[in-house]
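Taking it in order: structure first as C-alpha cells, then the write-up.
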Amino acid sequence: GSSGGSDSSASSSPSGEAEEITTLRLGYFPNLTHAPALVGVQQGTFKAALKELGITVTPTVFNAGPDAVTALFADSLDCSYIGPNPAVNAYVQSGGEAVRVVAGSTSAGAALVVRPEINDVEGMKGKSFATPQLGNTQDVAFRYWLKEQGVETTPEGGGDVSIKPQSNAEGLAAYASGEIDGAWVPEPWVSEYLAQGAKVLVDEKTLWPDGKFVTTHIICRTDFIAQHPDVVAAFLAGHVASLDSIAADPTAAKESFALALSALTGSSPKPEILDRAWEQLEFTADPLTGTLVKSAEDAVAVGLLEQAGIDAAGGLPGKLYDLKILNEVLQAAGKPAVSS
Amino acid sequence: MSASVLTPNVEKPAPVRSGAGWAPHMWAWIWPKALAILLVLAVWQLVYWSGWRPAYVFPSPIETLSQLGTMVQTERFWSAMGTTVIRAIGGFALALVIGTMIGILVARITPLRLAIGSLITGLQTMPSIAWFPLAILLFGLDEQAILFVVVLGAAPSIANGVISGIDNVPPAFTRLGRVLGAGPVAQYRDIVLPAALPTYVSGLTQGWAFAWRSLMAGELLVIIAEKPSLGAQLEFARQFSQAPTLLATMLVILILGMVVDGLFSSAARSLRRRRGLEVDSS
Amino acid sequence: MSASVLTPNVEKPAPVRSGAGWAPHMWAWIWPKALAILLVLAVWQLVYWSGWRPAYVFPSPIETLSQLGTMVQTERFWSAMGTTVIRAIGGFALALVIGTMIGILVARITPLRLAIGSLITGLQTMPSIAWFPLAILLFGLDEQAILFVVVLGAAPSIANGVISGIDNVPPAFTRLGRVLGAGPVAQYRDIVLPAALPTYVSGLTQGWAFAWRSLMAGELLVIIAEKPSLGAQLEFARQFSQAPTLLATMLVILILGMVVDGLFSSAARSLRRRRGLEVDSS
Amino acid sequence: MSAQALEVVADGTALQARGLRKVFGSGDDATVALDGVDLDIRAGEFVTVVGASGCGKSTLLNIFAGLDAPTSGTVWTATKPALMFQDATLLPWLTAQRNVELALKLRGVPRAQRAERARQLLDVVRLTGWEDKRPHELSGGMRQRVSLARCLAQDTSIVLMDEPLGALDAMTRDHLHDEIESVVQEQNLTVVFVTHNMREAVRLGDRVILMGSRPGRIVYETVIDLPHPRLMDSTGVAERAADLTTRLKAGKAYLEGADS
Amino acid sequence: MSAQALEVVADGTALQARGLRKVFGSGDDATVALDGVDLDIRAGEFVTVVGASGCGKSTLLNIFAGLDAPTSGTVWTATKPALMFQDATLLPWLTAQRNVELALKLRGVPRAQRAERARQLLDVVRLTGWEDKRPHELSGGMRQRVSLARCLAQDTSIVLMDEPLGALDAMTRDHLHDEIESVVQEQNLTVVFVTHNMREAVRLGDRVILMGSRPGRIVYETVIDLPHPRLMDSTGVAERAADLTTRLKAGKAYLEGADS
Ligand SMILES: Nc1ncnc2c1ncn2[C@@H]1O[C@H](COP(=O)(O)OP(=O)(O)OP(=O)(O)O)[C@@H](O)[C@H]1O
Ligand SMILES: Nc1ncnc2c1ncn2[C@@H]1O[C@H](COP(=O)(O)OP(=O)(O)OP(=O)(O)O)[C@@H](O)[C@H]1O
Ligand SMILES: [Mg+2]
Ligand SMILES: [Mg+2]
C-alpha cells in the first residue's frame with residue numbers, strides 16, 4: 001500500500017488494515033467495449049466466482065469515466081472496467097498512488113470512417129472530422145496519425161484538417177446533416193457510421209503490431225488489492241470465465257449483452273449493428289501494456305498530455321500495472337501469462 | 001330621442017356564474033391547448049414530409065407518438081417515471097425547506113446578505129456536473145448523492161425567489177407590523193412572508209425547473225439497473241442516437257413540466273384571487 | 001421629573017448622509033464578504049488537514065488558489081473567459097428579447113396563455129442536452145447551435161418571470177389605465193410593464209442562471225476552432241480528474257455569477273428605491 | 001370629440017342609467033351593492049352624490065366609467081367619462097408631473113405641450129414646486145391633489161369624482177371648489193361628484209342625490225337653486241345642507257350593519 | 001403594561017417632544033417637513049391637530065410612533081403608542097376580522113379571546129356582518145373603519161390617529177365620535193388625533209393644536225373647555241371652530257406652493 005491509499009482506507013475502515021468486506025463494488029459502463037462486464041454480471045459469472053469467499057458483487061454503472069475515478073478515489077468503488085484515458089488520468093492525478101491496472105478486457109474496435117468520396121488524407125484537407133472527446137484514445141490516435149501523415153492540427157480544432165470533438169451521438173447527427181465528413185470513433189459507432197453510408201478509411205488495427213491495442217481494461221484501488229488479494233483473484237477468475245464464455249458462445253454472449261444493456265439503458269443497438277461491431281472487437285485479459293504506453297506517448301507528442309505529470313507519477317508503465325494476481329489466475333486456468 | 005347620441009359604455013354583460021356550466025368551461029380550457037398541439041404536430045409532419053433531414057435523425061410525429069405509445073405500455077417506463085418523479089419531489093421538498101430558510105435569513109440579516117447574497121446566484125449558475133465529485137465524496141454512490149445535486153441546483157433559485165419576494169413587500173406592511181408591536185419573528189411570520197407569498201409561489205416554478213434539470217443530470221451520476229430513470233433514459237436515447245425514443249422522452253418531460261406548472265400557477269392564481277389581485281370580470 | 005418614566009422611542013439617530021463617507025461605506029460592504037470567504041477557506045483547510053480524503057480528490061484551498069493564480073496568468077484562460085462571457089451575454093440578450101416578448105403575449109392573450117402557458121415551464125424543465133440533436137440539425141456545428149441551446153434554456157425562465165410580474169400587478173393600476181383611455185399597447189407600455197419591472201428585474205437573475213448553465217452544457221456541444229471556453233475547461237478538468245483545476249474553474253464561475261448578481265440586484269434596488277419600496281432608514 | 005360633445009349638449013343628456021343592479025359574489029355570500037338605480041344627467045349638469053359609507057357610491061361611478069359591468073341594467077354615456085378614484089392611485093414610478101402627463105399622453109397630446117399643461121394643472125391644485133417628487137415623497141393630501149390634476153387633464157366632457165377632496169384641509173378645499181367650478185364652467189363639463197360633506201354637496205351641486213344603503217339606491221334628489229357664487233359657510237348652503245342631512249338620516253338603514 | 005400606564009398617569013406626562021426637526025432628502029432637493037416642534041402631552045389628554053395638507057402632521061405621528069427617526073430632537077413616550085395610518089393599510093390576505101385579530105395576537109391575547117374581542121370592536125365601528133370580507137371587498141370607508149377597530153385593539157395607553165374618520169359620512173362619523181370618546185374615557189387613553197375638520201377637532205379635543213407649513217411647526221394651541229357631551233353642530237363648537245379657522249388662515253403659508 002501507499003501513503004495515499006492507506007489514508008483513504010484508514011478513514012473508511014477504523015478496524016484496521018484487512019477490513020472484513022462482504023461485497024465487491026464493481027464499476028462499468030453500458031458500452032459495447034465493456035461487454036465482458038455486462039455479460040459476466042448478466043450470466044452470473046462473477047457471482048459464482050466470488051461465492052466461495054462469501055462475497056457478493058455490487059455492480060455500479062457509470063455514465064462517464066471521471067465519476068468512476070472519483071468513486072474509486074472516494075473509496076466508494078473497489079474495481080472498475082474503464083478506458084485507458086481515465087485510468088491514466090487517475091494514475092497521473094494521484095501521483096501514481098491510487099489505482100492499478102489488474103487485467104485487460106477489450107482490444108481494438110476503432111476506425112476512421114469518412115464519406116465515400118474521400119480516398120486519402122489529401123481528400124480530408126479543409127474538412128471537419130469528429131472524435132469522441134478531446135484527448136481520449138481515438139482523439140489522440142487520430143491526431144497522431146494525421147501528424148505522421150504530415151497534416152497539422154491543433155487541440156482547438158484548427159489546422160489543415162479540423163477536428164471537432166463531440167459526443168458520438170452528436171457526431172452521427174452532424175454527419176447525417178452534412179456538418180462533418182467523418183470521424184475516428186470506437187465501436188459500435190464505426191458500424192453506425194457505416195450504416196449511414198460512410199466507409200472505413202483507416203482501421204486502427206492496422207496501425208498496431210498484431211492488430212491489438214487496448215480499448216478497455218480493469219483497474220482496482222491500490223489498497224484494495226493489497227488488503228484483499230483473494231477477492232481480486234476471485235473476481236479476475238470470474239472475468240476470465242466471462243471472457244471464456246464470450247469466446248465459447250458469441251451468440252449467447254451477444255444476447256446476454258443486449259439484455260443487460262437494455263435493462264440498464266432501456267435501449268440497445270440494432271442487431272445488425274451489434275453483429276458487425278462485435279466482430280471488430282477482441283475480448284482478452286491481456287492489458288496490452290505496450291499499446292497504452294505508446295498511446296500516452298502519442299498524447300504527449302500531440303500536446304494533450306504533460307510529460308511532467310507522468311514523470312511525477314513514476315512514469316509509464318511505472319507502477320500502473322499489477323498483473324501478478326492475473327497471471328496466477330491465468331496459470332491456474334492453464335493459460336499463458338501476460339507481461340507488463 | 002336622447003339615447004341616439006349616447007353609447008352604452010359596457011357592452012358585454014356581466015359574467016353569469018352558474019354551477020351548471022362545467023362543460024363549456026372545460027371546453028374553453030381545452031381548445032387552445034388542442035389547437036396548439038395540432039398546429040405543432042402539423043408543422044412537424046410537414047417538415048418531415050419535406051425531407052429536410054433523414055428520418056433516422058428527424059423522425060415523424062407519428063413515429064414518435066407510436067414510440068411513446070409503446071413506451072407507456074412497458075412497466076419499465078412507469079417505474080422510471082416513478083423513480084424520477086419521487087426523486088424530484090423529494091429533492092424539491094428538501095430544496096424548498098433549505099432554500100426558504102436561507103432566503104429568509106439572507107433577506108433579514110443585512111451582514112449575511114452582504115456576505116452570501118450574491119453567492120446564492122453564484123451557486124445557481126454552477127452546472128450540476130461540477131458538483132458530481134463532491135457529491136460522490138460526501139455521499140458515495142447513493143440516492144443521497146443525487147439528492148445533493150438536486151438540492152444544490154434548486155435551493156439557490158428558491159432562496160432567490162424568497163429574497164426577491166421579501167424585497168418587494170410594500171414597506172407600509174412592515175411599518176404596520178412595527179406599529180402593532182411585532183417582534184422579528186412575528187414580523188416575518190405574520191406580515192412579510194404572507195405578503196411575499198404570491199411572488200414566492202409564482203417563483204417556485206423556477207425552483208422546480210432547476211430541480212428537475214439538476215435531477216436529469218444527477219441521475220447519470222450512477223445508473224442502477226433495477227431503478228431505471230427518465231434522466232438515464234433521455235441520456236441513453238441520445239447516446240444511442242435513437243431519435244424517436246429521445247423525442248418521446250422529451251414529450252414526457254414536457255408533459256410532466258406542464259402538469260407541475262398547472263399546479264403552481266393555479267395555487268398562485270387562487271392566492272391572487274383571495275387578495276383581489278386577480279379580477280374575474282374585467 | 002416627568003422624563004423619568006418616559007422612554008425615548010427612537011433610540012438610534014437618523015442616518016446622516018454625507019458625501020465624505022465613502023470609505024466606511026465600502027468597509028461595511030466588504031467585511032461580511034471577507035469574513036464569509038475567510039470562514040469558508042478556514043473550514044475547507046481544516047477538513048483538508050483532517051485527512052478526510054486524499055489530496056488528489058480533495059485539494060487544499062492553497063493548492064486550488066495557486067492553480068487559479070497560475071490559470072489567470074495564461075492567455076488561454078482569459079480567452080476562454082472572454083468567449084464564454086460573450087456567448088453568455090449574447091445568448092442572454094437574445095433570450096431576454098424573445099422571453100420578454102413571449103411573456104407579454106402569453107400574459108396578455110388568454111387563449112395563448114391557455115395554449116402554451118404551461119408549455120413554457122415544460123420547456124424550462126427540459127435539460128439542455130436534449131436539445132443538442134435539434135441544435136445540430138438546425139444550425140450545424142456552429143456558434144449558433146450554442147446560442148440556440150442557451151436561448152432555449154433562458155427564454156422560458158424570462159418569459160415566466162414576465163408573466164408572474166404581470167400577474168402580480170395591482171388591478172388598481174390597470175383599471176387606472178383603462179380610465180385614462182389607454183389602448184392595449186399603451187396599457188402595457190405605460191402601466192403594466194413599468195409596474196412589473198421590479199419583479200421582472202429580480203427575476204432576471206434566474207434567467208441568467210439558466211442561460212449560464214445551458215451555456216456550460218452547450219459549450220460541450222462543439223469545441224470550436226481556436227476558441228477555448230469555460231464550459232470546455234470545466235469538462236476537461238473533470239475528464240482528466242484534475243481536482244484543483246476543476247475547483248479553480250468552479251471558483252471562477254462562482255465569482256462571475258456573483259458579479260452578475262451584483263449588477264441585477266443593484267438595478268432592482270435602485271428601482272425599488274425610486275418607488276419608495278426600499279426604506280433607507282428603518 | 002368636441003364635435004360629439006357639442007351634439008350632446010344640443011341633445012341634452014350626457015349620461016343615462018336604467019335599472020342598474022350590481023351584485024358582488026354569489027350565493028349566501030352575495031352583496032347587493034346597487035339595485036334599481038335610474039338616473040338621467042343633463043350635459044353640463046353638476047350632480048353631487050351623498051350617502052352612507054358602503055352604500056354603493058364608488059360602485060356606481062365604476063359602472064358609469066365602464067370599469068365594472070352591472071349585473072343587470074344599462075348605462076349610456078355621451079363620451080367615455082374621466083374618473084377620479086377614491087384613493088389617489090398614482091403610479092409610484094412616475095413623478096407628480098409625469099403622472100399628470102401620462103393622462104395627457106394617453107389622450108394623444110403632443111409631447112411638447114404636455115409638460116406645460118401638466119405644470120398648469122399642478123399649479124391649479126397648488127403643487128407648484130412639487131412636480132418632481134414621486135408619490136411616496138408626497139403627503140396624503142398632496143397625492144389626492146395630483147390625482148385631481150390628472151383627472152382634469154383627461155379633457156372629456158363627463159367627469160366622475162369619488163370623494164376628491166376628502167383628505168384636504170378646509171382652506172385648500174375652498175380653493176379647489178372655486179377652481180373646479182371655474183374649470184367646469186369654462187369647459188362645460190358634466191360632473192358626478194361623490195362627497196361625505198353635505199355642505200360641499202350643496203355648495204357645488206346643481207342637483208344633490210342622496211343614496212340609501214343595502215341595497216344602494218337613490219332615496220332622494222333635489223335641485224339646488226341657490227345663486228352662484230356660493231360659499232360653504234353661507235346660511236343658504238348651511239340650511240339646505242341641514243335639511244338634506246335630516247332627510248338622509250330619516251331614510252332608514254344609513255348605517256350598514258345597523259339592522260343586523 | 002397597565003401598571004406602567006398608571007404610573008404615568010400619576011406622573012402626568014405621556015408624551016414629550018423636544019426640538020423635533022425632520023428633513024427628507026438632502027441637498028437642494030431636501031424637504032424640511034418639521035422644524036422646532038416642542039410638545040408635552042399629559043396622560044389622558046385628547047389632543048387634536050389641524051393643519052394644511054402637507055404641513056407635516058403624518059410625519060409628526062410617525063416620529064411619535066417610533067417609525068421614523070427625527071433628523072434632530074427627541075421624543076419620549078410612556079408606552080409604545082398605537083398608530084392608525086392615514087390610509088387603512090389592511091393586510092389583503094386577511095379578512096376584516098383577522099386583520100383586527102392580528103393586532104390582538106401581536107400583543108399576546110390568547111387565541112380563544114381574540115375572536116370575541118375582534119367581533120366586539122368591529123361592532124363598535126358598525127361592521128357586524130362584514131367580518132369575513134377581505135379588504136378588496138370592502139368600500140373605502142369600511143376599510144378605514146376596520147383600521148380604526150384594529151387601532152383600538154392595540155390596548156396601549158397612547159393612541160395616535162391620522163385622519164381616522166376622513167372617508168366617512170357625517171352620521172357614521174358622529175356615531176364614532178361618541179364611541180371613541182367613551183373608549184378613551186373608559187381606558188383613560190392619551191390621544192393625538194389629526195383631522196382636517198375643525199369642528200371635529202373642537203368636538204373631540206381637550207386641546208387643539210394648529211400647525212403651519214414649510215417647515216411644519218406648531219403655530220397656535222388652545223385648550224377647549226367646552227362642557228361634555230359636545231355636539232358637532234352646537235353653536236359652542238361652531239364658534240370655537242370658526243375662530244380657530246380664522247387663526248389658521250391668518251398664519252401664513254397654509255398652502256404649500258402658495259409662496260412660490
Ligand atoms: N369587489 C368587491 N367585491 C365584493 N363586494 C364589494 C366589492 N366592491 C364593493 N363591494 C361591496 O359593495 C358595497 C358598496 O361599496 P362601495 O365601494 O360602492 O361603497 P361606497 O358607497 O363607495 O362607500 P364609501 O363611502 O365607504 O367609499 C359595499 O358593501 C362593499 O362591501
Ligand atoms: N418619505 C418622504 N420623502 C420625502 N418627503 C416626504 C416624505 N414623507 C413626507 N414628505 C414630505 O413631508 C411633508 C409633510 O408630509 P406629511 O405627510 O407629514 O403631511 P401631512 O401634514 O400629513 O399632510 P396631509 O394632510 O396631506 O396628509 C410633505 O411636504 C411631504 O412632501
Ligand atoms: Mg367609495
Ligand atoms: Mg397626512
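Residue numbering restarts at 1 in every chain; chains get A, B, ... in the order shown in the C-alpha cells, and ligands count up from 1 in that same order.
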- Message: Select, as a list in words, those residues of chain C with any atom no more than 8 Å from chain A (distances computed using only C-alpha atoms).
- Response: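 Taking only C-alpha atoms into account, Gly51, Trp52, Arg53, Pro54, Tyr56, Val57, Phe132, Pro133, Ile136, Leu137, Gly140, Leu141, Leu220, Leu221, Val222, Ile223, Ile224, Ala225, Glu226, Lys227, Pro228, Arg238, Gln239, Phe240, Ser241 and Gln242 of chain C sit within 8 Å of chain A.
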- Item | Interface, chain C side, toward chain D (10 Å; only C-alpha atoms) as a list in words |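 Residues satisfying the distance criterion: Ala172, Phe173, Arg175, Leu176, Gly177, Arg178, Val179, Leu180, Gly181, Ala182, Gly183, Ala186, Gln187, Asp190, Ile191, Pro194, Ala195, Leu197, Leu271, Arg272, Arg273, Arg274, Arg275, Gly276 and Leu277 of chain C.
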- Give the answer as one residue: which of D:Gly54, D:Gln86, D:Val192, D:Ala96 has the shortest atom-to-atom distance to Ile41 in chain D, using only C-alpha atoms?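 Of the candidates, the smallest distance to Ile41 in chain D is held by D:Val192.
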- Task: Counting only C-alpha atoms and all ligand atoms, name the residues that have an atom within 9 Å of an atom of ligand 4; the answer should be given as a list of chain:residue names.
- Result: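 Residues satisfying the distance criterion: D:Ser139, D:Gly140, D:Gly141, D:Met142, D:Ala167, E:Ser53, E:Gly54, E:Cys55, E:Gly56, E:Lys57, E:Ser58, E:Thr59, E:Leu61, E:Phe85, E:Gln86, E:Asp87, E:Asp162, E:Glu163, E:Val194.
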- Test item: residues at most 10 Å from Val184 in chain E, only C-alpha atoms, excluding those fewer than 4 positions along its chain, as a list in words: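 Answer for this query is Gly44, Glu45, Phe46, Leu152, Ser157, Ile158, Val159, Asp178, Glu179, Ile180, Asn188, Leu189, Thr190 and Val191 of chain E.
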Could you save the residues just selected, with N, CA, C and O atoms, as a PDB file, in the first residue's frame?
```pdb
ATOM      1  N   GLY E  44     -53.813  60.925  29.457  1.00  0.00           N
ATOM      2  CA  GLY E  44     -55.258  61.060  29.443  1.00  0.00           C
ATOM      3  C   GLY E  44     -55.753  62.265  28.663  1.00  0.00           C
ATOM      4  O   GLY E  44     -56.954  62.480  28.537  1.00  0.00           O
ATOM      5  N   GLU E  45     -54.829  63.012  28.070  1.00  0.00           N
ATOM      6  CA  GLU E  45     -55.254  64.188  27.326  1.00  0.00           C
ATOM      7  C   GLU E  45     -55.656  63.796  25.909  1.00  0.00           C
ATOM      8  O   GLU E  45     -55.101  62.846  25.326  1.00  0.00           O
ATOM      9  N   PHE E  46     -56.627  64.492  25.333  1.00  0.00           N
ATOM     10  CA  PHE E  46     -57.061  64.266  23.963  1.00  0.00           C
ATOM     11  C   PHE E  46     -56.636  65.482  23.162  1.00  0.00           C
ATOM     12  O   PHE E  46     -57.212  66.567  23.296  1.00  0.00           O
ATOM     13  N   LEU E 152     -57.906  50.338  17.864  1.00  0.00           N
ATOM     14  CA  LEU E 152     -58.444  50.236  19.224  1.00  0.00           C
ATOM     15  C   LEU E 152     -58.079  48.906  19.867  1.00  0.00           C
ATOM     16  O   LEU E 152     -58.057  48.774  21.081  1.00  0.00           O
ATOM     17  N   SER E 157     -51.727  52.774  26.092  1.00  0.00           N
ATOM     18  CA  SER E 157     -52.332  53.963  26.700  1.00  0.00           C
ATOM     19  C   SER E 157     -52.168  55.205  25.840  1.00  0.00           C
ATOM     20  O   SER E 157     -52.746  56.232  26.124  1.00  0.00           O
ATOM     21  N   ILE E 158     -51.372  55.124  24.787  1.00  0.00           N
ATOM     22  CA  ILE E 158     -51.238  56.271  23.884  1.00  0.00           C
ATOM     23  C   ILE E 158     -51.708  55.865  22.500  1.00  0.00           C
ATOM     24  O   ILE E 158     -51.263  54.842  21.966  1.00  0.00           O
ATOM     25  N   VAL E 159     -52.600  56.640  21.915  1.00  0.00           N
ATOM     26  CA  VAL E 159     -53.137  56.310  20.599  1.00  0.00           C
ATOM     27  C   VAL E 159     -52.941  57.501  19.677  1.00  0.00           C
ATOM     28  O   VAL E 159     -53.319  58.626  20.005  1.00  0.00           O
ATOM     29  N   ASP E 178     -68.760  59.479  19.350  1.00  0.00           N
ATOM     30  CA  ASP E 178     -69.240  59.021  20.656  1.00  0.00           C
ATOM     31  C   ASP E 178     -68.472  57.792  21.116  1.00  0.00           C
ATOM     32  O   ASP E 178     -68.039  57.695  22.272  1.00  0.00           O
ATOM     33  N   GLU E 179     -68.325  56.863  20.203  1.00  0.00           N
ATOM     34  CA  GLU E 179     -67.649  55.620  20.572  1.00  0.00           C
ATOM     35  C   GLU E 179     -66.209  55.885  21.013  1.00  0.00           C
ATOM     36  O   GLU E 179     -65.744  55.384  22.028  1.00  0.00           O
ATOM     37  N   ILE E 180     -65.505  56.681  20.200  1.00  0.00           N
ATOM     38  CA  ILE E 180     -64.112  56.966  20.537  1.00  0.00           C
ATOM     39  C   ILE E 180     -64.029  57.642  21.889  1.00  0.00           C
ATOM     40  O   ILE E 180     -63.220  57.284  22.751  1.00  0.00           O
ATOM     41  N   ASN E 188     -58.911  55.580  29.853  1.00  0.00           N
ATOM     42  CA  ASN E 188     -58.036  56.714  30.151  1.00  0.00           C
ATOM     43  C   ASN E 188     -56.873  56.824  29.156  1.00  0.00           C
ATOM     44  O   ASN E 188     -55.703  56.841  29.520  1.00  0.00           O
ATOM     45  N   LEU E 189     -57.225  56.852  27.879  1.00  0.00           N
ATOM     46  CA  LEU E 189     -56.208  56.905  26.840  1.00  0.00           C
ATOM     47  C   LEU E 189     -55.687  58.317  26.622  1.00  0.00           C
ATOM     48  O   LEU E 189     -56.401  59.295  26.840  1.00  0.00           O
ATOM     49  N   THR E 190     -54.453  58.394  26.203  1.00  0.00           N
ATOM     50  CA  THR E 190     -53.889  59.648  25.700  1.00  0.00           C
ATOM     51  C   THR E 190     -54.000  59.585  24.178  1.00  0.00           C
ATOM     52  O   THR E 190     -53.578  58.600  23.584  1.00  0.00           O
ATOM     53  N   VAL E 191     -54.592  60.631  23.577  1.00  0.00           N
ATOM     54  CA  VAL E 191     -54.850  60.552  22.146  1.00  0.00           C
ATOM     55  C   VAL E 191     -54.253  61.754  21.427  1.00  0.00           C
ATOM     56  O   VAL E 191     -54.348  62.882  21.898  1.00  0.00           O
TER      57      VAL E 191
END
```
- Val113 in chain A surroundings by only C-alpha atoms, 9 Å radius, close-in-sequence under 3 positions cut, as number ranges by chain: A: 116, 181-185, 190, 193-194, 198-203
Taking only C-alpha atoms into account, what are the residues of chain B at most 7 Å from chain C, put as a compact mmCIF listing (two decimals) with N, CA and C atoms, in the first residue's frame?
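Dumped everything to part38.txt:
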```txt
# COMPACT_ATOMS: atom_id res chain seq x y z
N TRP B 29 -61.06 25.74 -21.75
CA TRP B 29 -59.73 25.47 -21.22
C TRP B 29 -58.96 24.58 -22.19
N PRO B 32 -57.69 25.78 -26.70
CA PRO B 32 -56.43 26.40 -27.13
C PRO B 32 -55.27 25.41 -27.08
N LYS B 33 -55.32 24.54 -26.06
CA LYS B 33 -54.24 23.56 -25.95
C LYS B 33 -54.28 22.59 -27.12
N ALA B 36 -53.05 24.21 -30.22
CA ALA B 36 -51.60 24.38 -30.20
C ALA B 36 -50.91 23.06 -30.54
N PRO B 111 -25.82 41.81 7.31
CA PRO B 111 -24.45 41.34 7.07
C PRO B 111 -24.43 40.02 6.31
N LEU B 112 -25.37 39.14 6.64
CA LEU B 112 -25.44 37.87 5.94
C LEU B 112 -25.72 38.10 4.47
N LEU B 114 -25.00 40.78 2.71
CA LEU B 114 -23.80 41.29 2.06
C LEU B 114 -22.79 40.16 1.87
N ALA B 115 -22.75 39.26 2.85
CA ALA B 115 -21.76 38.20 2.79
C ALA B 115 -22.10 37.18 1.72
N ILE B 116 -23.31 36.62 1.75
CA ILE B 116 -23.57 35.49 0.86
C ILE B 116 -24.70 35.74 -0.12
N SER B 118 -24.90 37.41 -2.88
CA SER B 118 -24.52 37.18 -4.27
C SER B 118 -24.07 35.75 -4.51
N LEU B 119 -23.56 35.14 -3.46
CA LEU B 119 -23.10 33.76 -3.59
C LEU B 119 -24.23 32.85 -4.03
N THR B 121 -26.65 33.44 -6.09
CA THR B 121 -26.72 33.42 -7.54
C THR B 121 -25.52 32.71 -8.12
N GLY B 122 -24.37 32.91 -7.50
CA GLY B 122 -23.18 32.20 -7.96
C GLY B 122 -23.42 30.70 -7.98
N LEU B 123 -23.99 30.19 -6.89
CA LEU B 123 -24.27 28.75 -6.81
C LEU B 123 -25.29 28.34 -7.86
N GLN B 124 -26.24 29.25 -8.08
CA GLN B 124 -27.29 28.95 -9.04
C GLN B 124 -26.72 28.74 -10.45
N THR B 125 -25.65 29.48 -10.76
CA THR B 125 -25.10 29.37 -12.11
C THR B 125 -24.15 28.18 -12.25
N MET B 126 -23.89 27.48 -11.15
CA MET B 126 -22.93 26.36 -11.23
C MET B 126 -23.58 25.15 -11.90
N PRO B 127 -23.00 24.65 -12.97
CA PRO B 127 -23.61 23.48 -13.61
C PRO B 127 -23.57 22.26 -12.71
N SER B 157 -32.15 28.84 -6.26
CA SER B 157 -33.22 29.50 -7.01
C SER B 157 -34.38 29.85 -6.08
N SER B 164 -36.36 37.93 -3.38
CA SER B 164 -36.97 38.95 -4.21
C SER B 164 -38.41 39.20 -3.77
N ASN B 168 -39.74 42.94 -2.29
CA ASN B 168 -40.80 43.69 -2.93
C ASN B 168 -42.05 43.85 -2.06
N PRO B 170 -44.38 45.76 0.20
CA PRO B 170 -44.53 47.20 0.44
C PRO B 170 -44.10 47.56 1.86
N PRO B 171 -43.31 48.60 2.01
CA PRO B 171 -42.87 48.99 3.36
C PRO B 171 -44.03 49.34 4.27
N SER B 202 -45.28 32.01 -7.40
CA SER B 202 -45.00 32.05 -8.85
C SER B 202 -43.55 31.70 -9.10
N GLN B 206 -39.73 28.24 -11.08
CA GLN B 206 -38.32 28.36 -11.44
C GLN B 206 -37.50 27.35 -10.63
N ALA B 209 -38.00 23.95 -11.98
CA ALA B 209 -37.27 23.73 -13.24
C ALA B 209 -35.80 23.43 -12.94
N TRP B 212 -35.53 19.95 -11.49
CA TRP B 212 -35.73 18.91 -12.50
C TRP B 212 -34.51 18.77 -13.39
N ARG B 213 -33.98 19.91 -13.84
CA ARG B 213 -32.82 19.83 -14.72
C ARG B 213 -31.62 19.25 -13.99
N MET B 216 -32.09 15.58 -13.89
CA MET B 216 -31.80 14.92 -15.17
C MET B 216 -30.29 14.68 -15.29
N ILE B 253 -41.19 14.57 -20.57
CA ILE B 253 -40.66 15.61 -19.69
C ILE B 253 -41.49 16.89 -19.83
N LEU B 254 -41.81 17.24 -21.08
CA LEU B 254 -42.64 18.42 -21.31
C LEU B 254 -43.97 18.31 -20.58
N ILE B 255 -44.59 17.14 -20.72
CA ILE B 255 -45.93 16.99 -20.14
C ILE B 255 -45.86 17.07 -18.62
N GLY B 257 -43.64 18.66 -16.90
CA GLY B 257 -43.39 20.08 -16.58
C GLY B 257 -44.67 20.88 -16.64
N MET B 258 -45.50 20.56 -17.63
CA MET B 258 -46.74 21.30 -17.78
C MET B 258 -47.69 21.02 -16.62
N ASP B 261 -46.47 22.94 -13.70
CA ASP B 261 -46.80 24.34 -13.89
C ASP B 261 -48.26 24.60 -13.58
N GLY B 262 -49.12 23.66 -14.03
CA GLY B 262 -50.54 23.82 -13.75
C GLY B 262 -50.80 23.91 -12.25
N LEU B 277 -56.15 40.44 -6.23
CA LEU B 277 -55.13 40.81 -7.22
C LEU B 277 -55.51 40.30 -8.59
N GLU B 278 -56.51 39.43 -8.62
CA GLU B 278 -56.96 38.91 -9.91
C GLU B 278 -58.42 39.29 -10.04
```
- Message: Based on the backbone DSSP call, show me all residues of range 3-167 of chain A assigned helix (DSSP H, G or I), as a ChimeraX atom specification.
- Response: /A:3-12,32-43,45-51,65-73,84-93,121-124,137-148
- Message: Could you list, as number ranges by chain, every residue within 8 Å of Ala108 in chain A, counting only C-alpha atoms and ignoring same-chain residues fewer than 4 positions away?
- Response: A: 204-205, 211-215, 280-282
Can I get the selection written as a CSV table (one decimal), in the first residue's frame, with C-alpha atoms?
```csv
chain,number,residue,atom,x,y,z
A,204,GLU,CA,-6.9,1.4,-36.2
A,205,LYS,CA,-5.9,-2.3,-36.0
A,211,GLY,CA,-3.6,-5.7,-34.7
A,212,LYS,CA,-4.2,-5.3,-31.0
A,213,PHE,CA,-4.5,-2.2,-28.8
A,214,VAL,CA,-6.1,-1.7,-25.5
A,215,THR,CA,-9.7,-0.4,-25.5
A,280,GLN,CA,-14.3,-5.9,-34.8
A,281,LEU,CA,-13.6,-6.3,-31.1
A,282,GLU,CA,-11.4,-8.8,-29.4
```
